[in-house]
$ cat structure-v1.csv   # CSV, C-alpha atoms
chain,number,residue,atom,x,y,z
F,65,MET,CA,-52.0,-179.6,200.3
F,66,ASN,CA,-54.4,-179.4,203.2
F,67,SER,CA,-58.1,-180.3,202.8
F,68,LYS,CA,-59.4,-176.7,203.0
F,69,LYS,CA,-57.1,-175.5,200.2
F,70,LEU,CA,-57.9,-178.6,198.2
F,71,THR,CA,-61.6,-177.9,198.5
F,72,ASN,CA,-61.1,-174.3,197.3
F,73,VAL,CA,-59.1,-175.5,194.3
F,74,PHE,CA,-61.8,-177.9,193.2
F,75,LEU,CA,-64.4,-175.2,193.8
F,76,ALA,CA,-62.4,-172.8,191.6
F,77,LEU,CA,-62.4,-175.3,188.8
F,78,ALA,CA,-66.2,-175.6,189.0
F,79,LEU,CA,-66.6,-171.9,188.9
F,80,THR,CA,-64.2,-171.7,185.9
F,81,ALA,CA,-66.6,-173.9,184.1
F,82,VAL,CA,-69.4,-171.5,184.9
F,83,SER,CA,-67.4,-168.6,183.6
F,84,VAL,CA,-67.4,-170.1,180.1
F,85,GLY,CA,-71.0,-169.1,180.0
F,86,CYS,CA,-70.3,-165.7,181.5
F,87,SER,CA,-67.6,-164.9,178.9
F,88,ASP,CA,-70.0,-165.3,176.0
F,89,ARG,CA,-72.2,-162.4,177.1
F,90,LYS,CA,-70.9,-159.8,174.8
F,91,ALA,CA,-74.0,-159.7,172.5
F,92,ASN,CA,-77.6,-159.7,173.8
F,93,SER,CA,-80.9,-159.4,172.0
F,94,ASP,CA,-83.9,-157.3,173.1
F,95,SER,CA,-87.5,-158.5,172.9
F,96,ASP,CA,-87.8,-157.3,169.3
F,97,GLY,CA,-84.8,-159.3,168.2
F,98,ASN,CA,-82.6,-156.3,167.7
F,99,GLY,CA,-78.9,-156.8,168.7
F,100,ILE,CA,-77.8,-154.9,171.8
F,101,ILE,CA,-74.1,-154.9,172.4
F,102,ASN,CA,-72.6,-154.5,175.8
F,103,VAL,CA,-70.6,-151.3,176.0
F,104,SER,CA,-67.4,-151.2,178.1
F,105,PRO,CA,-67.7,-149.0,181.1
F,106,ARG,CA,-64.3,-147.6,180.2
F,107,SER,CA,-65.9,-146.0,177.2
F,108,ILE,CA,-67.9,-143.7,179.5
F,109,VAL,CA,-65.8,-140.6,180.2
F,110,PHE,CA,-66.3,-138.2,183.1
F,111,GLU,CA,-64.3,-135.1,183.9
F,112,TRP,CA,-63.7,-136.3,187.5
F,113,GLN,CA,-61.9,-139.5,186.4
F,114,SER,CA,-58.7,-137.9,185.2
F,115,LEU,CA,-58.8,-135.3,187.9
F,116,TYR,CA,-59.0,-137.9,190.6
F,117,GLU,CA,-56.3,-140.0,189.0
F,118,GLN,CA,-54.0,-137.0,189.2
F,119,LYS,CA,-54.9,-136.5,192.9
F,120,LEU,CA,-54.3,-140.2,193.7
F,121,ASN,CA,-50.9,-140.1,191.9
F,122,GLU,CA,-50.1,-136.9,193.8
F,123,PHE,CA,-50.9,-138.5,197.1
F,124,ALA,CA,-48.8,-141.6,196.2
F,125,GLY,CA,-45.8,-139.3,195.9
F,126,THR,CA,-46.1,-137.9,199.5
F,127,GLU,CA,-44.6,-139.2,202.7
F,128,LYS,CA,-48.1,-140.0,204.0
F,129,PHE,CA,-48.5,-142.8,201.4
F,130,SER,CA,-47.6,-146.4,202.2
F,131,GLU,CA,-47.9,-149.1,199.6
F,132,ILE,CA,-47.7,-152.1,201.9
F,133,ALA,CA,-48.8,-153.0,205.4
F,134,GLN,CA,-46.2,-152.9,208.1
F,135,ASN,CA,-46.2,-153.6,211.8
F,136,ASN,CA,-50.0,-154.2,211.8
F,137,VAL,CA,-50.6,-150.9,210.1
F,138,GLU,CA,-52.5,-151.3,206.8
F,139,GLU,CA,-51.5,-149.6,203.5
F,140,SER,CA,-53.0,-146.5,202.1
F,141,ARG,CA,-56.4,-146.8,200.5
F,142,PHE,CA,-59.1,-144.7,198.9
F,143,ASP,CA,-62.8,-144.7,198.2
F,144,LEU,CA,-65.4,-143.1,195.9
F,145,TYR,CA,-68.9,-142.3,196.9
F,146,ASP,CA,-71.5,-139.7,195.9
F,147,ILE,CA,-72.4,-138.3,199.3
F,148,ASN,CA,-74.6,-135.4,198.1
F,149,ASN,CA,-76.3,-137.2,195.3
F,150,ASP,CA,-75.3,-134.8,192.6
F,151,GLY,CA,-74.1,-137.5,190.2
F,152,VAL,CA,-70.4,-136.9,190.9
F,153,PRO,CA,-68.6,-139.1,193.4
F,154,GLU,CA,-66.4,-137.6,196.1
F,155,LEU,CA,-62.9,-139.0,196.6
F,156,PHE,CA,-61.7,-140.2,200.0
F,157,ILE,CA,-58.1,-140.9,200.7
F,158,SER,CA,-57.0,-142.8,203.8
F,159,ALA,CA,-53.3,-142.9,204.6
F,160,ASN,CA,-53.6,-145.9,206.9
F,161,ASN,CA,-55.9,-147.5,209.5
F,162,GLN,CA,-54.3,-146.1,212.6
F,163,HIS,CA,-56.7,-144.8,215.3
F,164,LYS,CA,-56.1,-141.1,214.7
F,165,THR,CA,-56.0,-141.3,210.9
F,166,GLN,CA,-58.8,-139.4,209.2
F,167,CYS,CA,-60.0,-139.5,205.6
F,168,GLU,CA,-59.1,-136.6,203.4
F,169,ILE,CA,-62.2,-135.7,201.4
F,170,PHE,CA,-62.1,-134.2,197.9
F,171,THR,CA,-64.6,-133.2,195.3
F,172,VAL,CA,-64.6,-131.6,191.8
F,173,SER,CA,-65.7,-128.0,191.5
F,174,GLU,CA,-65.4,-125.8,188.4
F,175,GLY,CA,-63.0,-128.3,186.8
F,176,GLN,CA,-60.7,-128.5,189.8
F,177,VAL,CA,-60.2,-131.0,192.6
F,178,ILE,CA,-60.8,-129.2,195.9
F,179,SER,CA,-60.3,-130.4,199.5
F,180,VAL,CA,-63.4,-130.2,201.6
F,181,GLY,CA,-61.9,-131.4,204.9
F,182,THR,CA,-61.0,-134.5,206.9
F,183,LEU,CA,-63.2,-136.9,208.9
F,184,GLY,CA,-63.3,-140.1,210.8
F,185,GLU,CA,-60.8,-142.4,212.6
F,186,TYR,CA,-59.0,-145.6,211.7
F,187,GLY,CA,-58.9,-144.1,208.2
F,188,ALA,CA,-62.7,-144.4,207.7
F,189,PHE,CA,-65.9,-142.7,208.7
F,190,THR,CA,-69.6,-143.7,209.0
F,191,TYR,CA,-72.1,-142.5,206.4
F,192,TYR,CA,-75.9,-142.7,206.5
F,193,PRO,CA,-77.0,-143.0,202.9
F,194,GLU,CA,-80.8,-142.6,203.6
F,195,LEU,CA,-80.1,-139.4,205.6
F,196,ARG,CA,-77.2,-138.3,203.5
F,197,LEU,CA,-75.3,-137.5,206.7
F,198,MET,CA,-71.8,-138.3,207.8
F,199,ASN,CA,-71.0,-139.1,211.4
F,200,ASP,CA,-67.9,-138.1,213.4
F,201,GLU,CA,-68.0,-139.6,216.9
F,202,TYR,CA,-65.5,-140.2,219.7
F,203,SER,CA,-66.2,-142.6,222.6
F,204,GLY,CA,-64.2,-142.4,225.8
F,205,ASP,CA,-64.4,-143.9,229.3
F,206,GLY,CA,-68.1,-143.4,230.1
F,207,PHE,CA,-68.9,-140.7,227.5
F,208,VAL,CA,-69.5,-140.1,223.8
F,209,VAL,CA,-69.1,-136.9,221.8
F,210,GLY,CA,-70.1,-136.6,218.2
F,211,LYS,CA,-71.6,-134.7,215.4
F,212,PHE,CA,-73.6,-135.3,212.2
F,213,ILE,CA,-72.3,-133.6,209.1
F,214,ASN,CA,-73.7,-132.9,205.6
F,215,PHE,CA,-72.0,-131.9,202.4
F,216,ASP,CA,-73.4,-129.0,200.3
F,217,GLY,CA,-71.2,-129.7,197.3
F,218,LYS,CA,-68.3,-127.5,198.3
F,219,SER,CA,-67.8,-127.8,202.1
F,220,LEU,CA,-68.8,-129.9,205.1
F,221,LYS,CA,-71.5,-128.4,207.3
F,222,GLU,CA,-72.3,-129.5,210.9
F,223,TYR,CA,-75.9,-130.6,211.1
F,224,PHE,CA,-75.9,-131.1,214.8
F,225,SER,CA,-73.7,-132.1,217.7
F,226,TYR,CA,-74.4,-134.3,220.7
F,227,SER,CA,-72.7,-135.6,223.8
F,228,ASP,CA,-73.7,-138.0,226.6
F,229,ASN,CA,-71.7,-139.1,229.7
F,230,SER,CA,-74.3,-141.6,231.1
F,231,GLY,CA,-71.6,-144.2,231.3
F,232,SER,CA,-69.8,-142.2,234.0
F,233,ALA,CA,-72.8,-142.3,236.5
F,234,SER,CA,-71.0,-144.9,238.7
F,235,LYS,CA,-68.1,-142.5,239.2
F,236,GLY,CA,-70.3,-139.8,240.7
F,237,THR,CA,-70.0,-137.5,237.6
F,238,ALA,CA,-72.7,-135.0,237.0
F,239,ILE,CA,-74.7,-136.5,234.1
F,240,LYS,CA,-75.4,-134.4,231.0
F,241,HIS,CA,-77.1,-135.2,227.7
F,242,GLU,CA,-76.6,-132.4,225.3
F,243,ILE,CA,-77.6,-131.6,221.7
F,244,ASN,CA,-76.1,-128.5,220.1
F,245,GLY,CA,-74.9,-127.6,223.6
F,246,GLU,CA,-78.4,-127.6,225.1
F,247,ASN,CA,-78.8,-129.9,228.2
F,248,LEU,CA,-81.7,-132.3,227.8
F,249,SER,CA,-83.4,-134.8,230.0
F,250,LEU,CA,-82.6,-138.4,229.1
F,251,PRO,CA,-86.0,-139.1,227.5
F,252,GLU,CA,-85.6,-135.9,225.4
F,253,TYR,CA,-82.1,-136.9,224.4
F,254,ASP,CA,-83.1,-140.4,223.5
F,255,GLY,CA,-86.0,-139.2,221.5
F,256,ALA,CA,-83.9,-136.8,219.5
F,257,MET,CA,-81.3,-139.5,218.8
F,258,GLU,CA,-83.6,-142.3,218.1
F,259,MET,CA,-83.8,-141.8,214.3
F,260,TYR,CA,-80.1,-141.6,213.9
F,261,ARG,CA,-79.4,-144.7,216.1
F,262,LYS,CA,-81.8,-146.7,214.0
F,263,ALA,CA,-80.6,-145.4,210.6
F,264,ARG,CA,-78.6,-147.8,208.6
F,265,ARG,CA,-75.0,-147.0,207.8
F,266,ILE,CA,-71.9,-147.9,205.7
F,267,SER,CA,-68.2,-147.3,206.2
F,268,ILE,CA,-66.4,-145.2,203.7
F,269,GLY,CA,-62.7,-144.6,203.2
F,270,ARG,CA,-60.8,-147.9,202.7
F,271,LYS,CA,-62.3,-149.7,199.8
F,272,TYR,CA,-59.5,-149.7,197.2
F,273,THR,CA,-55.7,-150.1,197.4
F,274,PHE,CA,-53.5,-147.9,195.2
F,275,GLY,CA,-52.5,-150.7,192.8
F,276,ALA,CA,-52.7,-149.8,189.1
F,277,SER,CA,-55.5,-152.3,188.2
F,278,THR,CA,-57.6,-151.2,191.1
F,279,ILE,CA,-57.2,-147.5,190.4
F,280,ASP,CA,-58.2,-148.2,186.8
F,281,TYR,CA,-61.3,-150.3,187.9
F,282,ALA,CA,-62.4,-147.8,190.5
F,283,LEU,CA,-62.1,-144.7,188.2
F,284,HIS,CA,-63.3,-146.2,185.0
F,285,CYS,CA,-65.7,-149.0,185.9
F,286,SER,CA,-67.1,-148.9,189.4
F,287,GLU,CA,-69.3,-145.8,188.9
F,288,SER,CA,-70.4,-146.5,185.3
F,289,TRP,CA,-72.3,-149.8,185.5
F,290,GLY,CA,-75.8,-148.2,185.4
F,291,ALA,CA,-74.8,-146.4,182.1
F,292,VAL,CA,-73.7,-149.6,180.3
F,293,LEU,CA,-76.0,-152.3,181.4
F,294,THR,CA,-78.4,-153.4,178.6
F,295,PRO,CA,-82.2,-153.1,179.2
F,296,VAL,CA,-82.5,-156.8,179.8
F,297,GLU,CA,-79.6,-156.8,182.3
F,298,LYS,CA,-81.2,-153.9,184.2
F,299,GLU,CA,-84.5,-155.7,184.4
F,300,ILE,CA,-83.1,-159.0,185.6
F,301,PHE,CA,-80.8,-157.4,188.1
F,302,LYS,CA,-83.6,-155.2,189.4
F,303,GLU,CA,-85.8,-158.2,189.8
F,304,GLN,CA,-83.2,-160.1,191.8
F,305,LEU,CA,-82.5,-157.1,194.0
F,306,SER,CA,-86.2,-156.7,194.7
F,307,ASN,CA,-86.4,-160.3,195.7
F,308,SER,CA,-83.4,-159.9,197.9
F,309,LEU,CA,-85.0,-156.9,199.5
F,310,ALA,CA,-88.1,-158.9,200.2
F,311,THR,CA,-86.0,-161.5,201.9
F,312,GLU,CA,-84.3,-158.8,204.0
F,313,LEU,CA,-87.6,-157.5,205.2
F,314,GLU,CA,-88.5,-161.0,206.4
F,315,THR,CA,-85.2,-161.7,208.1
F,316,GLY,CA,-84.4,-158.3,209.4
F,317,LYS,CA,-80.8,-158.6,208.1
F,318,ASP,CA,-78.8,-155.5,207.2
F,319,SER,CA,-78.3,-156.4,203.5
F,320,ALA,CA,-76.3,-154.5,200.9
F,321,PHE,CA,-75.2,-155.0,197.3
F,322,GLU,CA,-72.7,-154.0,194.7
F,323,PHE,CA,-71.9,-154.6,191.0
F,324,CYS,CA,-68.4,-155.8,190.4
F,325,ASP,CA,-66.8,-157.4,187.3
F,326,LEU,CA,-65.2,-160.5,188.8
F,327,ASN,CA,-64.0,-162.0,185.5
F,328,GLY,CA,-62.9,-158.9,183.5
F,329,ASP,CA,-65.4,-159.2,180.7
F,330,ASP,CA,-66.9,-155.7,181.1
F,331,VAL,CA,-70.2,-157.1,182.4
F,332,PRO,CA,-70.6,-156.9,186.2
F,333,GLU,CA,-71.6,-159.7,188.5
F,334,LEU,CA,-74.1,-158.8,191.3
F,335,ILE,CA,-72.9,-159.3,194.8
F,336,VAL,CA,-75.6,-159.3,197.5
F,337,SER,CA,-74.3,-159.1,201.1
F,338,GLU,CA,-76.5,-160.8,203.7
F,339,GLY,CA,-75.4,-158.6,206.6
F,340,LEU,CA,-72.5,-157.7,208.9
F,341,SER,CA,-72.5,-160.5,211.5
F,342,ASP,CA,-69.8,-163.2,211.6
F,343,GLY,CA,-72.0,-165.8,209.9
F,344,ASP,CA,-73.2,-163.5,207.1
F,345,SER,CA,-71.9,-164.1,203.6
F,346,CYS,CA,-72.4,-162.9,200.0
F,347,ARG,CA,-74.3,-164.4,197.2
F,348,ILE,CA,-73.1,-163.9,193.6
F,349,TYR,CA,-75.2,-163.7,190.5
F,350,TYR,CA,-74.1,-163.5,186.9
F,351,VAL,CA,-75.9,-163.1,183.5
F,352,SER,CA,-75.8,-165.9,180.9
F,353,ASN,CA,-77.9,-165.7,177.7
F,354,ASN,CA,-80.0,-162.9,179.3
F,355,VAL,CA,-80.8,-165.1,182.3
F,356,LEU,CA,-79.6,-164.3,185.8
F,357,LEU,CA,-78.0,-167.3,187.5
F,358,GLU,CA,-76.5,-167.7,191.0
F,359,LEU,CA,-73.2,-169.3,191.8
F,360,ASP,CA,-73.5,-172.3,194.0
F,361,GLY,CA,-72.6,-171.6,197.6
F,362,THR,CA,-72.0,-168.4,199.6
F,363,TYR,CA,-68.8,-166.4,199.8
F,364,GLY,CA,-67.1,-163.9,202.1
F,365,PHE,CA,-66.9,-163.1,205.8
F,366,LYS,CA,-69.2,-160.6,207.7
F,367,GLY,CA,-71.0,-159.9,204.4
F,368,ARG,CA,-67.9,-158.8,202.5
F,369,LEU,CA,-65.6,-160.2,199.8
F,370,ASN,CA,-62.1,-159.1,198.9
F,371,PHE,CA,-61.2,-159.0,195.2
F,372,ASP,CA,-57.8,-159.0,193.5
F,373,ASN,CA,-58.4,-156.8,190.4
F,374,GLU,CA,-55.0,-157.8,188.9
F,375,GLN,CA,-55.4,-161.6,189.1
F,376,LEU,CA,-59.3,-161.7,189.0
F,377,VAL,CA,-59.5,-163.7,192.2
F,378,PHE,CA,-62.0,-163.1,194.9
F,379,TYR,CA,-61.2,-164.2,198.4
F,380,THR,CA,-62.1,-164.2,202.1
F,381,LYS,CA,-59.9,-163.1,204.9
F,382,GLY,CA,-60.5,-162.4,208.5
F,383,ASP,CA,-62.2,-165.6,209.6
F,384,GLY,CA,-59.1,-166.8,211.4
F,385,SER,CA,-58.6,-169.8,209.2
F,386,GLY,CA,-56.6,-168.3,206.3
F,387,ASN,CA,-57.6,-167.1,202.9
F,388,ALA,CA,-60.2,-169.0,200.9
F,389,CYS,CA,-60.1,-168.0,197.3
F,390,TRP,CA,-62.1,-168.5,194.0
F,391,SER,CA,-61.9,-167.4,190.4
F,392,LEU,CA,-64.3,-167.2,187.5
F,393,THR,CA,-61.4,-167.3,185.1
F,394,ASN,CA,-58.6,-169.8,184.4
F,395,THR,CA,-56.4,-168.3,187.0
F,396,ASP,CA,-54.4,-170.8,188.9
F,397,ILE,CA,-55.3,-170.1,192.6
F,398,SER,CA,-53.3,-173.0,194.1
F,399,SER,CA,-50.5,-170.6,194.9
F,400,PHE,CA,-52.5,-167.4,195.1
F,401,ASN,CA,-50.9,-164.4,196.8
F,402,VAL,CA,-52.7,-161.1,197.0
F,403,SER,CA,-51.3,-158.5,194.7
F,404,ARG,CA,-51.2,-154.8,195.5
F,405,SER,CA,-54.4,-154.2,193.4
F,406,ASN,CA,-57.3,-155.3,195.5
F,407,MET,CA,-60.6,-154.0,196.9
F,408,GLU,CA,-63.3,-154.8,199.3
F,409,CYS,CA,-66.7,-155.5,197.8
F,410,GLY,CA,-70.3,-156.4,198.6
F,411,ARG,CA,-71.5,-153.4,200.6
F,412,LYS,CA,-71.3,-150.3,198.4
F,413,TYR,CA,-75.0,-149.7,198.6
F,414,LEU,CA,-77.6,-150.5,201.2
F,415,LEU,CA,-80.3,-152.7,199.9
F,416,THR,CA,-83.2,-150.2,199.6
F,417,GLU,CA,-85.7,-149.4,196.9
F,418,GLU,CA,-84.0,-146.1,196.3
F,419,ALA,CA,-80.6,-147.6,195.8
F,420,ILE,CA,-81.9,-150.3,193.5
F,421,GLU,CA,-83.5,-147.8,191.3
F,422,ALA,CA,-80.5,-145.6,191.2
F,423,SER,CA,-78.0,-148.4,190.5
F,424,VAL,CA,-79.8,-149.8,187.4
F,425,ASN,CA,-80.8,-146.5,185.8
$ encode --input "structure-v1.csv" --output "structure tokens"
Amino acid sequence: MNSKKLTNVFLALALTAVSVGCSDRKANSDSDGNGIINVSPRSIVFEWQSLYEQKLNEFAGTEKFSEIAQNNVEESRFDLYDINNDGVPELFISANNQHKTQCEIFTVSEGQVISVGTLGEYGAFTYYPELRLMNDEYSGDGFVVGKFINFDGKSLKEYFSYSDNSGSASKGTAIKHEINGENLSLPEYDGAMEMYRKARRISIGRKYTFGASTIDYALHCSESWGAVLTPVEKEIFKEQLSNSLATELETGKDSAFEFCDLNGDDVPELIVSEGLSDGDSCRIYYVSNNVLLELDGTYGFKGRLNFDNEQLVFYTKGDGSGNACWSLTNTDISSFNVSRSNMECGRKYLLTEEAIEASVN
């Protein structure tokens, strides 16, 4: 056993000891001494859950679906995100991560799942939560062409288009900067684009694999935490997120966060992502006896963690030195191999005041 793997095993044992406190969190008391019992997110039922499960199963039966990665092409994945803030998440299905692969976008309307179009490349697309706009952009040799798109609840609508070929100036090409087909001067173009260039963004499309445990978690837990957190849990999570936001404002980091149940006890842990750079990690917080505690150390790579929903193991990949893995349960990680039920976590929501309020209410 090499030293890196040995370190991770010992760390996992330490975290398992911490999880003993986490597993006793089923009953909490409010300030009046009245018992408040944690409710399972699976007890919260929405119409879209069964409809999206049918759509995922339907896609899994098509020739576009791939369950495993082959020849450097990743497996099919999906995502959930409420892109028009109506309380119902949209479903995004990504066949693979090849360059020309777009996301298929679905929503629920009048009790039916309807397709609203396709978007993106490499099986994902860029979304600007604070603007509630999607971006579809193509960059070539010396030029960029793109458009911003919003969603009205039933269809995708082009908000505006843009193009710029400034990168071709050395080739003697006539330079044009256009918005909605209108040719602008460079200062005018830059001025019109400034807000969108500065706006913070997330990637949507490839969060969850099609494993049974992950589908169950995505549909029946991921969107329901705000509905089942106790008042005390909401307060202490909100306090920590506000503190993390204050730190972000000082450091200028592009922070994000997510609730994820890392030990399967129906109470989520809070994952705060420091940013997107190579050196950025995630911090993990958990509730014990109505107090929010932080796990020792930081985890992840480029502000993201991977989580195996079947084996309850969170791990890091992509840093060039192999997987580092940890567990908050008694899982034996010494011979851990990733199952087909896994997800990426840490950056579901940008760390903003609006997102904090929405996530704990």
$ residues_near_point --input "structure-v1.csv" --point "(-74.8, -136.8, 199.6)" --cutoff "9 Å" --atoms "all atoms listed in the file" --output "JSON, numbers by chain"
{"F": [145, 146, 147, 148, 149, 150, 193, 195, 196, 197, 198, 214, 215, 216, 217]}
$ residues_around --input "structure-v1.csv" --residues "Phe170 in chain F" --least-positions-apart "6" --cutoff "9 Å" --atoms "only C-alpha atoms" --output "number ranges by chain"
F: 116, 154-157, 177-181
$ write_last_selection --input "structure-v1.csv" --atoms "C-alpha atoms" --output "PDB file, in the frame of the given file"
ATOM      1  CA  TYR F 116     -59.000-137.900 190.600  1.00  0.00           C
ATOM      2  CA  GLU F 154     -66.400-137.600 196.100  1.00  0.00           C
ATOM      3  CA  LEU F 155     -62.900-139.000 196.600  1.00  0.00           C
ATOM      4  CA  PHE F 156     -61.700-140.200 200.000  1.00  0.00           C
ATOM      5  CA  ILE F 157     -58.100-140.900 200.700  1.00  0.00           C
ATOM      6  CA  VAL F 177     -60.200-131.000 192.600  1.00  0.00           C
ATOM      7  CA  ILE F 178     -60.800-129.200 195.900  1.00  0.00           C
ATOM      8  CA  SER F 179     -60.300-130.400 199.500  1.00  0.00           C
ATOM      9  CA  VAL F 180     -63.400-130.200 201.600  1.00  0.00           C
ATOM     10  CA  GLY F 181     -61.900-131.400 204.900  1.00  0.00           C
TER      11      GLY F 181
END
$ residues_around --input "structure-v1.csv" --residues "Leu340 in chain F" --least-positions-apart "4" --cutoff "7 Å" --atoms "all atoms listed in the file" --output "list in words"
Asp318, Asp344, Lys366 and Gly367 of chain F
$ residues_around --input "structure-v1.csv" --residues "Glu117 in chain F" --least-positions-apart "3" --cutoff "12 Å" --atoms "all atoms listed in the file" --output "count of residues only"
25
$ closest_residue --input "structure-v1.csv" --among "F:Leu356, F:Ser267, F:Gly328, F:Thr165" --to "Lys298 in chain F" --atoms "all atoms listed in the file"
F:Leu356
$ residues_around --input "structure-v1.csv" --residues "Ser423 in chain F" --least-positions-apart "5" --cutoff "12 Å" --atoms "all atoms listed in the file" --output "PyMOL selection string"
chain F and resi 151+286-293+297-299+301-302+305+321-323+334+412-418
$ residues_around --input "structure-v1.csv" --residues "Gly204 in chain F" --least-positions-apart "3" --cutoff "12 Å" --atoms "all atoms listed in the file" --output "PDB file with C-alpha atoms, keeping the file's coordinate frame"
ATOM      1  CA  GLU F 201     -68.000-139.600 216.900  1.00  0.00           C
ATOM      2  CA  PHE F 207     -68.900-140.700 227.500  1.00  0.00           C
ATOM      3  CA  VAL F 208     -69.500-140.100 223.800  1.00  0.00           C
ATOM      4  CA  VAL F 209     -69.100-136.900 221.800  1.00  0.00           C
ATOM      5  CA  GLY F 210     -70.100-136.600 218.200  1.00  0.00           C
ATOM      6  CA  SER F 227     -72.700-135.600 223.800  1.00  0.00           C
ATOM      7  CA  ASP F 228     -73.700-138.000 226.600  1.00  0.00           C
ATOM      8  CA  ASN F 229     -71.700-139.100 229.700  1.00  0.00           C
ATOM      9  CA  SER F 230     -74.300-141.600 231.100  1.00  0.00           C
ATOM     10  CA  GLY F 231     -71.600-144.200 231.300  1.00  0.00           C
ATOM     11  CA  SER F 232     -69.800-142.200 234.000  1.00  0.00           C
TER      12      SER F 232
END
$ atom_distance --input "structure-v1.csv" --atom1 "CA of Gly410 in chain F" --atom2 "CA of Val336 in chain F"
6.1 Å
$ closest_residue --input "structure-v1.csv" --among "F:Asn244, F:Ser319, F:Gln176, F:Ser352" --to "Lys119 in chain F" --atoms "all atoms listed in the file"
F:Gln176
$ atom_distance --input "structure-v1.csv" --atom1 "CA of Val351 in chain F" --atom2 "CA of Val296 in chain F"
9.8 Å
$ decode --input "structure-v1.csv" --residues "range 176-187 of chain F" --atoms "N, CA, C and O atoms" --output "mmCIF file, in the first residue's frame"
data_model
loop_
_atom_site.group_PDB
_atom_site.id
_atom_site.type_symbol
_atom_site.label_atom_id
_atom_site.label_comp_id
_atom_site.auth_asym_id
_atom_site.auth_seq_id
_atom_site.Cartn_x
_atom_site.Cartn_y
_atom_site.Cartn_z
ATOM 1 N N GLN F 176 -47.322 16.661 -18.189
ATOM 2 C CA GLN F 176 -46.562 15.905 -19.191
ATOM 3 C C GLN F 176 -45.134 16.440 -19.257
ATOM 4 O O GLN F 176 -44.893 17.639 -19.030
ATOM 5 N N VAL F 177 -44.200 15.543 -19.578
ATOM 6 C CA VAL F 177 -42.829 15.970 -19.842
ATOM 7 C C VAL F 177 -42.750 16.402 -21.293
ATOM 8 O O VAL F 177 -43.120 15.644 -22.205
ATOM 9 N N ILE F 178 -42.310 17.622 -21.530
ATOM 10 C CA ILE F 178 -42.184 18.123 -22.901
ATOM 11 C C ILE F 178 -40.735 18.505 -23.168
ATOM 12 O O ILE F 178 -40.006 18.936 -22.284
ATOM 13 N N SER F 179 -40.310 18.320 -24.399
ATOM 14 C CA SER F 179 -38.977 18.722 -24.824
ATOM 15 C C SER F 179 -39.002 20.193 -25.206
ATOM 16 O O SER F 179 -39.911 20.648 -25.905
ATOM 17 N N VAL F 180 -38.006 20.944 -24.725
ATOM 18 C CA VAL F 180 -37.964 22.372 -25.055
ATOM 19 C C VAL F 180 -36.761 22.722 -25.913
ATOM 20 O O VAL F 180 -36.520 23.892 -26.199
ATOM 21 N N GLY F 181 -35.961 21.722 -26.321
ATOM 22 C CA GLY F 181 -34.855 21.995 -27.219
ATOM 23 C C GLY F 181 -33.550 21.386 -26.749
ATOM 24 O O GLY F 181 -33.497 20.626 -25.779
ATOM 25 N N THR F 182 -32.495 21.719 -27.464
ATOM 26 C CA THR F 182 -31.147 21.250 -27.140
ATOM 27 C C THR F 182 -30.210 22.450 -27.049
ATOM 28 O O THR F 182 -30.458 23.497 -27.654
ATOM 29 N N LEU F 183 -29.114 22.275 -26.308
ATOM 30 C CA LEU F 183 -28.211 23.400 -26.064
ATOM 31 C C LEU F 183 -26.844 22.877 -25.630
ATOM 32 O O LEU F 183 -26.742 21.846 -24.978
ATOM 33 N N GLY F 184 -25.805 23.639 -25.995
ATOM 34 C CA GLY F 184 -24.487 23.401 -25.454
ATOM 35 C C GLY F 184 -23.560 22.589 -26.335
ATOM 36 O O GLY F 184 -23.839 22.294 -27.505
ATOM 37 N N GLU F 185 -22.429 22.208 -25.759
ATOM 38 C CA GLU F 185 -21.440 21.347 -26.385
ATOM 39 C C GLU F 185 -20.730 20.569 -25.289
ATOM 40 O O GLU F 185 -20.834 20.901 -24.113
ATOM 41 N N TYR F 186 -20.061 19.506 -25.663
ATOM 42 C CA TYR F 186 -19.446 18.593 -24.693
ATOM 43 C C TYR F 186 -20.477 18.082 -23.675
ATOM 44 O O TYR F 186 -20.148 17.766 -22.540
ATOM 45 N N GLY F 187 -21.729 18.048 -24.070
ATOM 46 C CA GLY F 187 -22.775 17.528 -23.204
ATOM 47 C C GLY F 187 -23.199 18.439 -22.077
ATOM 48 O O GLY F 187 -23.883 17.990 -21.144
#
